[in-house]
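**Q** For reference, this is work33.csv, and it has CSV, C-alpha atoms.
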```
chain,number,residue,atom,x,y,z
A,1,MET,CA,28.1,33.9,-34.9
A,2,PHE,CA,30.5,31.1,-35.5
A,3,LEU,CA,32.3,31.9,-32.3
A,4,ARG,CA,29.1,31.3,-30.4
A,5,VAL,CA,28.4,28.0,-32.2
A,6,ILE,CA,31.9,26.8,-31.4
A,7,GLY,CA,32.3,28.5,-28.1
A,8,ARG,CA,29.0,27.4,-26.4
A,9,PRO,CA,29.8,23.6,-26.2
A,10,LEU,CA,33.2,24.4,-24.9
A,11,LEU,CA,31.8,26.7,-22.2
A,12,ALA,CA,29.5,24.0,-20.9
A,13,LYS,CA,30.9,22.7,-17.6
A,14,VAL,CA,32.0,19.1,-17.4
A,15,LYS,CA,30.2,17.2,-14.7
A,16,GLN,CA,32.6,15.7,-12.2
A,17,THR,CA,30.4,13.3,-10.3
A,18,THR,CA,26.8,12.6,-9.8
A,19,GLY,CA,27.2,12.3,-6.0
A,20,ILE,CA,25.3,9.0,-6.1
A,21,VAL,CA,27.1,5.8,-5.5
A,22,GLY,CA,26.9,3.5,-8.5
A,23,LEU,CA,25.6,6.1,-10.9
A,24,ASP,CA,28.3,7.1,-13.4
A,25,VAL,CA,28.4,10.4,-15.2
A,26,VAL,CA,27.1,10.2,-18.7
A,27,PRO,CA,28.9,12.9,-20.8
A,28,ASN,CA,26.4,12.9,-23.7
A,29,ALA,CA,23.3,12.9,-21.5
A,30,ARG,CA,21.3,15.2,-23.7
A,31,GLU,CA,21.5,13.0,-26.8
A,32,VAL,CA,20.8,9.8,-24.8
A,33,LEU,CA,17.8,11.4,-23.2
A,34,ILE,CA,16.4,12.7,-26.6
A,35,ASN,CA,16.9,9.2,-28.0
A,36,LEU,CA,15.1,7.5,-25.1
A,37,TYR,CA,12.2,9.9,-25.1
A,38,THR,CA,11.6,9.6,-28.9
A,39,LYS,CA,11.7,5.8,-28.5
A,40,THR,CA,9.2,6.0,-25.6
A,41,LEU,CA,6.8,8.1,-27.6
A,42,LYS,CA,7.0,5.6,-30.4
A,43,GLU,CA,6.5,2.5,-28.2
A,44,ILE,CA,3.6,4.0,-26.3
A,45,GLN,CA,1.5,4.1,-29.5
A,46,ALA,CA,0.8,0.5,-29.0
A,47,VAL,CA,-1.3,1.2,-25.9
A,48,PRO,CA,-5.0,2.0,-26.5
A,49,GLU,CA,-5.8,5.6,-26.8
A,50,ASP,CA,-8.0,6.5,-23.8
A,51,GLU,CA,-6.0,4.7,-21.1
A,52,GLY,CA,-4.8,6.9,-18.3
A,53,TYR,CA,-1.4,5.3,-18.5
A,54,ARG,CA,-0.9,6.4,-22.1
A,55,LYS,CA,-2.0,9.9,-21.5
A,56,ALA,CA,0.3,10.3,-18.5
A,57,VAL,CA,3.3,8.9,-20.3
A,58,GLU,CA,2.8,11.0,-23.4
A,59,SER,CA,2.3,14.1,-21.3
A,60,PHE,CA,5.4,14.0,-19.3
A,61,THR,CA,7.6,12.5,-22.1
A,62,ARG,CA,6.7,15.2,-24.4
A,63,HIS,CA,7.3,17.9,-21.8
A,64,ARG,CA,10.7,16.4,-21.0
A,65,LEU,CA,11.6,16.0,-24.7
A,66,LYS,CA,10.7,19.6,-25.4
A,67,VAL,CA,12.9,20.9,-22.5
A,68,CYS,CA,15.8,18.7,-23.6
A,69,GLN,CA,15.6,19.9,-27.1
A,70,GLU,CA,15.4,23.6,-26.2
A,71,GLU,CA,18.3,23.6,-23.7
A,72,GLY,CA,21.7,22.6,-24.9
A,73,ASP,CA,23.3,22.1,-21.5
A,74,TRP,CA,22.7,19.4,-18.9
A,75,GLU,CA,22.7,21.9,-16.1
A,76,MET,CA,19.9,23.9,-17.7
A,77,ILE,CA,17.9,20.7,-18.3
A,78,GLU,CA,18.3,19.7,-14.7
A,79,LYS,CA,17.3,23.2,-13.4
A,80,LYS,CA,14.3,23.5,-15.7
A,81,LEU,CA,12.8,20.1,-15.2
A,82,GLY,CA,13.4,20.1,-11.4
A,83,CYS,CA,13.5,16.3,-11.4
A,84,GLY,CA,17.0,15.5,-10.2
A,85,GLN,CA,20.1,14.8,-12.2
A,86,VAL,CA,20.3,13.9,-15.8
A,87,GLU,CA,21.6,10.4,-15.0
A,88,GLU,CA,18.6,9.8,-12.8
A,89,LEU,CA,16.4,11.0,-15.7
A,90,ILE,CA,18.1,8.5,-18.0
A,91,GLU,CA,17.5,5.7,-15.5
A,92,GLU,CA,13.8,6.7,-15.3
A,93,ALA,CA,13.5,6.7,-19.0
A,94,GLN,CA,15.1,3.3,-19.4
A,95,ASP,CA,12.8,1.9,-16.7
A,96,GLU,CA,9.8,3.4,-18.4
A,97,LEU,CA,10.7,1.7,-21.7
A,98,LYS,CA,11.1,-1.6,-20.0
A,99,LEU,CA,7.7,-1.1,-18.3
A,100,ILE,CA,6.0,-0.2,-21.6
A,101,GLU,CA,7.4,-3.4,-23.1
A,102,LYS,CA,6.0,-5.5,-20.3
A,103,MET,CA,2.6,-3.7,-20.3
A,104,ILE,CA,2.2,-4.5,-24.0
A,105,GLU,CA,3.1,-8.1,-23.2
A,106,TRP,CA,0.6,-8.4,-20.4
A,107,ASP,CA,-2.1,-6.4,-22.0
A,108,PRO,CA,-4.3,-5.3,-19.0
A,109,TRP,CA,-6.3,-2.7,-20.9
A,110,GLY,CA,-10.0,-2.4,-20.8
A,111,VAL,CA,-12.5,-2.6,-18.0
A,112,PRO,CA,-14.5,-5.8,-17.6
A,113,ASP,CA,-18.3,-5.3,-17.5
A,114,ASP,CA,-18.9,-6.4,-13.9
A,115,TYR,CA,-16.0,-4.3,-12.6
A,116,GLU,CA,-16.6,-2.8,-9.2
A,117,CYS,CA,-13.9,-1.1,-7.3
A,118,GLU,CA,-14.4,0.2,-3.8
A,119,VAL,CA,-12.7,3.4,-3.1
A,120,ILE,CA,-12.5,4.1,0.5
A,121,GLU,CA,-11.7,7.6,1.6
A,122,ASN,CA,-10.7,7.2,5.2
A,123,ASP,CA,-10.4,10.6,6.8
A,124,ALA,CA,-10.2,9.3,10.4
A,125,PRO,CA,-7.8,11.5,12.3
A,126,VAL,CA,-4.6,10.0,13.4
A,127,PRO,CA,-3.8,10.4,17.1
A,128,LYS,CA,-1.4,13.2,17.8
A,129,HIS,CA,1.4,11.2,19.2
A,130,VAL,CA,1.8,9.1,16.0
A,131,PRO,CA,4.3,10.6,13.6
A,132,LEU,CA,2.6,11.2,10.2
A,133,HIS,CA,4.3,10.4,7.1
A,134,ARG,CA,4.2,13.3,4.8
A,135,PRO,CA,5.6,12.9,1.3
A,136,GLY,CA,7.9,15.8,0.2
A,137,PRO,CA,7.2,18.4,-2.5
A,138,LEU,CA,6.5,16.8,-5.9
A,139,PRO,CA,8.0,18.1,-9.1
A,140,GLU,CA,5.9,20.6,-11.0
A,141,GLU,CA,5.4,18.5,-14.0
A,142,PHE,CA,3.7,15.8,-11.9
A,143,TYR,CA,0.8,18.2,-11.3
A,144,LYS,CA,0.7,19.0,-15.0
A,145,THR,CA,0.6,15.3,-15.8
A,146,LEU,CA,-2.1,14.8,-13.3
A,147,GLU,CA,-4.2,17.5,-14.9
A,148,ALA,CA,-3.5,16.2,-18.3
A,149,VAL,CA,-4.6,12.7,-17.3
A,150,GLN,CA,-7.8,13.9,-15.7
A,151,SER,CA,-8.9,16.6,-18.1
A,152,LYS,CA,-7.9,15.0,-21.3
A,153,ASN,CA,-11.4,13.8,-22.1
A,154,ASP,CA,-12.3,17.2,-23.7
A,155,ALA,CA,-9.0,18.6,-24.8
A,156,PRO,CA,-8.2,17.6,-28.4
A,157,ALA,CA,-4.4,17.7,-28.4
A,158,VAL,CA,-1.8,17.3,-25.8
A,159,ASN,CA,-0.2,20.7,-26.4
A,160,SER,CA,-3.4,22.6,-25.8
A,161,GLY,CA,-4.1,20.4,-22.8
A,162,GLN,CA,-0.7,21.2,-21.3
A,163,THR,CA,-0.9,24.9,-21.8
A,164,GLU,CA,-4.3,25.0,-20.3
A,165,SER,CA,-3.2,22.9,-17.3
A,166,LYS,CA,-0.1,25.1,-16.9
A,167,GLU,CA,-2.3,28.1,-16.6
A,168,LYS,CA,-4.5,26.3,-14.2
A,169,CYS,CA,-1.6,25.2,-12.1
A,170,LEU,CA,-0.1,28.7,-12.1
A,171,GLY,CA,-3.4,30.1,-11.1
A,172,HIS,CA,-3.7,27.7,-8.2
A,173,THR,CA,-0.2,28.2,-6.9
B,1,MET,CA,-2.4,17.5,-0.1
B,2,ASP,CA,0.4,15.6,-1.7
B,3,ASN,CA,-1.0,12.3,-0.5
B,4,GLN,CA,-4.2,13.1,-2.3
B,5,SER,CA,-2.6,13.9,-5.6
B,6,ILE,CA,-0.5,10.8,-5.4
B,7,PHE,CA,-3.7,8.8,-4.8
B,8,LYS,CA,-5.5,10.4,-7.6
B,9,TYR,CA,-2.6,9.9,-10.0
B,10,SER,CA,-2.3,6.2,-9.1
B,11,TRP,CA,-6.0,5.8,-9.5
B,12,GLU,CA,-6.0,7.2,-13.0
B,13,THR,CA,-2.9,5.5,-14.3
B,14,LEU,CA,-3.2,2.0,-12.9
B,15,PRO,CA,-5.0,-0.4,-15.2
B,16,LYS,CA,-8.4,-0.9,-13.8
B,17,LYS,CA,-8.3,-4.7,-14.1
B,18,TRP,CA,-5.6,-4.9,-11.5
B,19,VAL,CA,-7.1,-2.9,-8.6
B,20,LYS,CA,-10.0,-4.2,-6.5
B,21,LYS,CA,-10.1,-1.7,-3.8
B,22,MET,CA,-8.3,1.5,-3.0
B,23,GLU,CA,-8.1,3.4,0.2
B,24,ARG,CA,-6.7,6.8,0.8
B,25,SER,CA,-6.1,7.7,4.4
B,26,GLU,CA,-3.7,9.4,6.7
B,27,HIS,CA,-2.7,6.0,8.0
B,28,GLY,CA,-1.3,5.0,4.6
B,29,ASN,CA,-2.6,4.6,1.0
B,30,ARG,CA,-3.7,1.0,0.4
B,31,SER,CA,-4.6,-0.8,-2.7
B,32,ASP,CA,-6.1,-4.3,-3.0
B,33,THR,CA,-5.5,-6.6,-5.9
B,34,ASN,CA,-6.1,-10.1,-7.1
B,35,SER,CA,-3.3,-12.5,-6.7
B,36,ASP,CA,-3.0,-13.1,-10.5
B,37,TYR,CA,-2.0,-9.5,-11.0
B,38,LEU,CA,0.2,-9.0,-8.0
B,39,PHE,CA,3.6,-9.3,-9.8
B,40,GLN,CA,2.4,-7.0,-12.6
B,41,LEU,CA,1.2,-4.4,-10.2
B,42,LEU,CA,4.4,-4.4,-8.2
B,43,CYS,CA,6.5,-4.2,-11.4
B,44,PHE,CA,4.4,-1.2,-12.6
B,45,LEU,CA,4.9,0.5,-9.3
B,46,LYS,CA,8.6,-0.1,-9.4
B,47,LEU,CA,9.4,1.0,-12.9
B,48,HIS,CA,6.9,3.8,-13.6
B,49,THR,CA,8.5,7.3,-13.6
B,50,TYR,CA,6.0,8.8,-11.2
B,51,THR,CA,5.7,6.1,-8.7
B,52,ARG,CA,9.3,4.9,-8.3
B,53,VAL,CA,8.8,2.4,-5.4
B,54,GLN,CA,12.1,0.5,-5.4
B,55,VAL,CA,12.2,-0.5,-1.8
B,56,SER,CA,10.1,-3.2,-0.2
B,57,ILE,CA,9.9,-2.5,3.5
B,58,ASP,CA,8.0,-5.5,4.6
B,59,ILE,CA,5.8,-8.4,3.5
B,60,CYS,CA,3.5,-9.8,6.1
B,61,GLY,CA,0.3,-11.8,6.3
B,62,VAL,CA,-2.9,-11.5,8.2
B,63,ASP,CA,-5.2,-14.4,9.0
B,64,HIS,CA,-9.0,-13.8,8.8
B,65,PRO,CA,-10.5,-17.2,9.6
B,66,SER,CA,-14.0,-16.1,8.9
B,67,ARG,CA,-13.3,-15.3,5.2
B,68,LYS,CA,-13.2,-17.8,2.4
B,69,ARG,CA,-9.7,-16.7,1.2
B,70,ARG,CA,-8.4,-16.5,4.7
B,71,PHE,CA,-5.0,-15.0,4.4
B,72,GLU,CA,-4.2,-11.6,3.3
B,73,VAL,CA,-0.6,-10.9,2.2
B,74,VAL,CA,0.4,-7.2,2.7
B,75,TYR,CA,3.3,-5.6,0.9
B,76,ASN,CA,4.6,-2.4,2.4
B,77,LEU,CA,6.6,-0.4,-0.2
B,78,LEU,CA,8.6,2.8,-0.1
B,79,SER,CA,9.6,5.2,-2.8
B,80,THR,CA,12.8,6.9,-2.0
B,81,ARG,CA,12.5,9.2,-4.9
B,82,TYR,CA,9.2,10.7,-4.0
B,83,ASN,CA,9.2,9.8,-0.3
B,84,SER,CA,5.9,8.1,-0.4
B,85,ARG,CA,4.6,4.8,1.0
B,86,ILE,CA,2.0,2.5,-0.4
B,87,ARG,CA,0.6,-0.8,0.8
B,88,VAL,CA,-0.5,-3.5,-1.6
B,89,GLN,CA,-2.7,-6.3,-0.4
B,90,THR,CA,-3.7,-9.7,-1.9
B,91,SER,CA,-5.9,-12.4,-0.5
B,92,ALA,CA,-4.9,-16.0,-0.6
B,93,ASP,CA,-6.2,-19.4,0.4
B,94,GLU,CA,-4.2,-22.2,2.1
B,95,VAL,CA,-3.5,-23.7,-1.3
B,96,THR,CA,-3.1,-20.6,-3.4
B,97,ARG,CA,0.4,-19.9,-4.5
B,98,ILE,CA,1.5,-16.4,-5.0
B,99,SER,CA,4.2,-15.3,-7.4
B,100,PRO,CA,7.4,-14.4,-5.8
B,101,VAL,CA,8.6,-10.8,-6.1
B,102,VAL,CA,12.2,-11.5,-5.4
B,103,SER,CA,13.2,-10.6,-8.9
B,104,LEU,CA,11.9,-7.1,-8.4
B,105,PHE,CA,12.8,-6.6,-4.7
B,106,PRO,CA,15.7,-8.7,-3.6
B,107,SER,CA,15.0,-8.1,0.1
B,108,ALA,CA,11.6,-9.8,-0.4
B,109,GLY,CA,13.3,-13.2,-0.2
B,110,ARG,CA,13.3,-13.3,3.6
B,111,TRP,CA,9.9,-11.8,3.9
B,112,GLU,CA,8.4,-14.5,1.6
B,113,ARG,CA,10.1,-17.2,3.6
B,114,GLU,CA,8.6,-15.8,6.7
B,115,VAL,CA,5.1,-15.6,5.2
B,116,TRP,CA,5.5,-19.3,4.1
B,117,ASP,CA,6.8,-20.3,7.5
B,118,MET,CA,4.3,-18.5,9.6
B,119,PHE,CA,1.2,-18.9,7.5
B,120,GLY,CA,1.7,-21.5,4.9
B,121,VAL,CA,1.2,-19.3,1.9
B,122,SER,CA,3.7,-20.6,-0.6
B,123,SER,CA,5.2,-19.2,-3.8
B,124,ILE,CA,5.6,-20.6,-7.2
B,125,ASN,CA,9.1,-20.9,-8.4
B,126,HIS,CA,10.6,-19.3,-5.4
B,127,PRO,CA,14.4,-19.5,-5.5
B,128,ASP,CA,14.8,-20.4,-1.8
B,129,LEU,CA,11.7,-21.3,0.2
B,130,ARG,CA,12.8,-22.7,3.5
B,131,ARG,CA,11.6,-22.2,7.1
B,132,ILE,CA,13.0,-19.2,8.7
B,133,SER,CA,11.9,-18.7,12.3
B,134,THR,CA,10.5,-22.0,13.4
B,135,ASP,CA,12.4,-25.0,14.8
B,136,TYR,CA,13.8,-27.6,12.4
B,137,GLY,CA,11.2,-30.3,12.8
B,138,PHE,CA,8.3,-28.0,13.5
B,139,GLU,CA,5.0,-29.0,12.0
B,140,GLY,CA,2.3,-26.4,11.5
B,141,HIS,CA,2.2,-22.7,10.8
B,142,PRO,CA,2.4,-20.6,14.0
B,143,LEU,CA,0.7,-17.4,13.1
B,144,ARG,CA,-2.5,-19.0,11.9
B,145,LYS,CA,-5.4,-18.5,14.2
B,146,ASP,CA,-6.0,-22.1,14.8
B,147,LEU,CA,-2.7,-23.0,16.3
B,148,PRO,CA,-3.0,-22.4,20.0
B,149,LEU,CA,-0.8,-20.0,21.8
B,150,SER,CA,1.3,-22.6,23.5
B,151,GLY,CA,1.6,-24.9,20.6
B,152,TYR,CA,1.3,-28.7,20.5
B,153,VAL,CA,4.8,-29.8,21.5
B,154,GLU,CA,7.3,-28.9,24.0
B,155,VAL,CA,11.0,-29.5,23.9
B,156,ARG,CA,13.2,-30.6,26.7
B,157,TYR,CA,16.7,-31.9,27.0
B,158,ASP,CA,16.7,-35.6,27.8
B,159,ASP,CA,19.7,-36.7,29.8
B,160,PRO,CA,19.7,-40.5,29.0
B,161,GLU,CA,19.5,-39.8,25.3
B,162,LYS,CA,21.8,-36.9,25.4
B,163,ARG,CA,19.8,-34.8,23.0
B,164,VAL,CA,16.8,-32.5,22.9
B,165,VAL,CA,13.5,-34.3,22.4
B,166,SER,CA,10.1,-32.8,21.6
B,167,GLU,CA,7.2,-34.3,23.3
B,168,PRO,CA,3.5,-33.4,23.4
B,169,ILE,CA,2.8,-30.5,25.7
B,170,GLU,CA,2.2,-31.0,29.4
B,171,MET,CA,1.0,-28.0,31.2
B,172,THR,CA,0.6,-28.1,34.9
B,173,GLN,CA,-1.8,-25.1,35.0
B,174,GLU,CA,-4.5,-24.6,32.5
B,175,PHE,CA,-4.6,-21.5,30.4
B,176,ARG,CA,-5.8,-18.4,32.2
B,177,TYR,CA,-7.4,-15.6,30.4
B,178,PHE,CA,-7.2,-12.2,31.9
B,179,ASP,CA,-9.6,-9.6,30.7
B,180,PHE,CA,-8.2,-6.3,31.7
B,181,ALA,CA,-11.2,-4.3,30.6
B,182,SER,CA,-12.6,-4.0,34.1
B,183,PRO,CA,-10.2,-2.9,36.9
B,184,TRP,CA,-12.4,-4.6,39.5
B,185,GLU,CA,-13.4,-8.2,39.4
B,186,GLN,CA,-10.9,-10.1,37.4
B,187,ARG,CA,-12.4,-13.5,37.1
B,188,SER,CA,-10.0,-15.9,35.3
B,189,ASP,CA,-12.5,-18.6,34.6
B,190,ARG,CA,-14.5,-16.7,32.2
```
Could you show the structure in this file as structure tokens?
**A**
Amino acid sequence: MFLRVIGRPLLAKVKQTTGIVGLDVVPNAREVLINLYTKTLKEIQAVPEDEGYRKAVESFTRHRLKVCQEEGDWEMIEKKLGCGQVEELIEEAQDELKLIEKMIEWDPWGVPDDYECEVIENDAPVPKHVPLHRPGPLPEEFYKTLEAVQSKNDAPAVNSGQTESKEKCLGHT
Amino acid sequence: MDNQSIFKYSWETLPKKWVKKMERSEHGNRSDTNSDYLFQLLCFLKLHTYTRVQVSIDICGVDHPSRKRRFEVVYNLLSTRYNSRIRVQTSADEVTRISPVVSLFPSAGRWEREVWDMFGVSSINHPDLRRISTDYGFEGHPLRKDLPLSGYVEVRYDDPEKRVVSEPIEMTQEFRYFDFASPWEQRSDR
């Protein structure tokens, strides 16, 4: 048993390079990520409860935190999340923290009484000779977050909402 | 399909105060905002994990002379992470000053200068607001609809003075308008 405890960290491969210019390899990526995610979850409490932003951030941060805590290896984390390299995840988490700080400062929550927003669904077909811009495949947890944000009105806790949405997603795809 | 999910996601997560109008179409997702919230909206789009738009492709303006706030400033943005594009629009007056987005998108410096030069929509606290495409002593903003196509001054090299002078325009032929809608009678005095 002790062999496994000692041997597993030693067996984990050392990352040589991220392959991205300007992004250095972070050797203790997992700890940094767990730190950042717990901090994010703490900061997001300052946002009012039924804002779509808060629901989205809580949903994906919790999912990523769970994956990071389960897997001990950066390679397994990357493969399971499907969101690019751990260094990129660190960058995203840092940016999200900065954003939460700024959102709390600006305080744009709440809908004014005379709010009207025009949503135009323009389905006019584009002529065939014009190249269409199609975004690439989005990571799985994006759809889970989307479901969590939209269907959170009835679900009591995030965990049940997530498992429900996971089943829904799997059922669809 | 992906376009639709991105649109739905941004509709749910963006704070409602910021967005005045949103359009989802194959031509490009567009969202309209008030000029007070412009910087905040762009900051959100840049930093949020699921809409990482970190490249600003273009900032341009449109002049609608019939509206009260006649200019519309359009920000075209690209997210390299998710390969998605989004357009953000604000409306502005001749005297409204928009907040510069240079701190978020360094490439926006030149675009903002161009919007200032061509339309006259200036920015508060812009680090470097100079003219970019017009001549050095040019007065007026060319892309506004009330400046005529040939302008008001013409330049010529004056030999006695040995420099280029600008003088009011003298055209030998009056402006001809060709309407190519009909392939037959093309009457230019219409």
**Q** Which one of A:Val21, A:Ala46, A:Val32, A:Leu65 sits closest to Trp109 of chain A if you count all atoms listed in the file?
**A**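 Result for the nearest residue to Trp109 of chain A: A:Ala46.
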**Q** For Cys43 of chain B, which of A:Ala124, A:Ile77, A:Leu146, A:Leu99 is the closest residue, counting only C-alpha atoms?
**A**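 Residue with the minimum atom-to-atom distance to Cys43 of chain B: A:Leu99.
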**Q** Show me which bits of chain A are within 7 Å of chain B, counting only C-alpha atoms, as a PyMOL selection string.
**A** chain A and resi 52-53+92+95-96+99+108-109+111+117-123+126+135-136+138+146
**Q** Rounded to one decimal in Å, what is the spacing between atom CA of Gln45 of chain A and atom CA of Ser99 of chain B?
**A** 29.5 Å
**Q** May I have the residues within 10 Å of segment 40-42 of chain A as an MDAnalysis selection string, using only C-alpha atoms and disregarding those fewer than 3 positions away in the same chain?
**A** chainID A and resid 34:37 45:46 54 57:59 61:62 65 93:94 96:98 100:101
**Q** May I have the residues at most 12 Å from (13.1, -28.5, 28.4) in the file's coordinates, counting only C-alpha atoms, as a list in words?
**A**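 The answer, in the requested form, is Val153, Glu154, Val155, Arg156, Tyr157, Asp158, Asp159, Arg163, Val164, Val165, Ser166, Glu167, Pro168, Ile169 and Glu170 of chain B.
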**Q** Report, in Å with one decimal, the straight-line distance from atom CA of Val73 of chain B to atom CA of Ile98 of chain B.
**A**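 Those two atoms sit 9.3 Å apart.
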**Q** To one decimal in Å, tell me the separation between atom CA of Lys66 of chain A and atom CA of Phe142 of chain A.
**A** 15.7 Å
**Q** So, with all atoms listed in the file as the atoms that count, which of A:Cys68, A:Val86, A:Val47, A:Val14 lies closest to Asp107 of chain A?
**A**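 Distance minimum relative to Asp107 of chain A lands on A:Val47.
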**Q** Would you please take segment 85-104 of chain A of the structure in the block above and write N, CA and C atoms to a file as a short mmCIF file (atom, residue, chain, number, x, y, z; two decimals), in the first residue's frame?
**A**
```
data_model
loop_
_atom_site.label_atom_id
_atom_site.label_comp_id
_atom_site.auth_asym_id
_atom_site.auth_seq_id
_atom_site.Cartn_x
_atom_site.Cartn_y
_atom_site.Cartn_z
N GLN A 85 -5.25 22.45 -22.01
CA GLN A 85 -4.21 22.09 -21.05
C GLN A 85 -4.44 22.73 -19.69
N VAL A 86 -3.77 22.17 -18.67
CA VAL A 86 -3.98 22.67 -17.31
C VAL A 86 -3.52 24.12 -17.17
N GLU A 87 -2.48 24.49 -17.93
CA GLU A 87 -2.05 25.88 -17.84
C GLU A 87 -3.11 26.82 -18.37
N GLU A 88 -3.79 26.38 -19.44
CA GLU A 88 -4.89 27.20 -19.95
C GLU A 88 -6.02 27.28 -18.94
N LEU A 89 -6.27 26.16 -18.25
CA LEU A 89 -7.31 26.17 -17.23
C LEU A 89 -6.96 27.14 -16.11
N ILE A 90 -5.67 27.17 -15.76
CA ILE A 90 -5.23 28.10 -14.71
C ILE A 90 -5.48 29.53 -15.16
N GLU A 91 -5.14 29.80 -16.43
CA GLU A 91 -5.35 31.15 -16.94
C GLU A 91 -6.82 31.53 -16.91
N GLU A 92 -7.68 30.58 -17.33
CA GLU A 92 -9.12 30.86 -17.32
C GLU A 92 -9.62 31.13 -15.91
N ALA A 93 -9.12 30.32 -14.96
CA ALA A 93 -9.58 30.51 -13.58
C ALA A 93 -9.15 31.86 -13.03
N GLN A 94 -7.93 32.27 -13.38
CA GLN A 94 -7.45 33.57 -12.89
C GLN A 94 -8.28 34.71 -13.49
N ASP A 95 -8.57 34.58 -14.79
CA ASP A 95 -9.38 35.62 -15.44
C ASP A 95 -10.77 35.69 -14.83
N GLU A 96 -11.31 34.50 -14.52
CA GLU A 96 -12.66 34.48 -13.94
C GLU A 96 -12.66 35.18 -12.58
N LEU A 97 -11.60 34.98 -11.81
CA LEU A 97 -11.51 35.66 -10.52
C LEU A 97 -11.49 37.17 -10.70
N LYS A 98 -10.67 37.59 -11.67
CA LYS A 98 -10.60 39.04 -11.92
C LYS A 98 -11.97 39.57 -12.31
N LEU A 99 -12.66 38.78 -13.14
CA LEU A 99 -13.96 39.23 -13.62
C LEU A 99 -14.95 39.34 -12.47
N ILE A 100 -14.94 38.35 -11.56
CA ILE A 100 -15.88 38.39 -10.44
C ILE A 100 -15.63 39.65 -9.61
N GLU A 101 -14.33 39.95 -9.41
CA GLU A 101 -14.01 41.16 -8.64
C GLU A 101 -14.62 42.39 -9.31
N LYS A 102 -14.44 42.45 -10.64
CA LYS A 102 -14.95 43.64 -11.33
C LYS A 102 -16.46 43.68 -11.34
N MET A 103 -17.10 42.51 -11.44
CA MET A 103 -18.55 42.50 -11.46
C MET A 103 -19.11 42.97 -10.13
N ILE A 104 -18.44 42.56 -9.06
CA ILE A 104 -18.91 43.00 -7.74
C ILE A 104 -18.75 44.51 -7.64
#
```
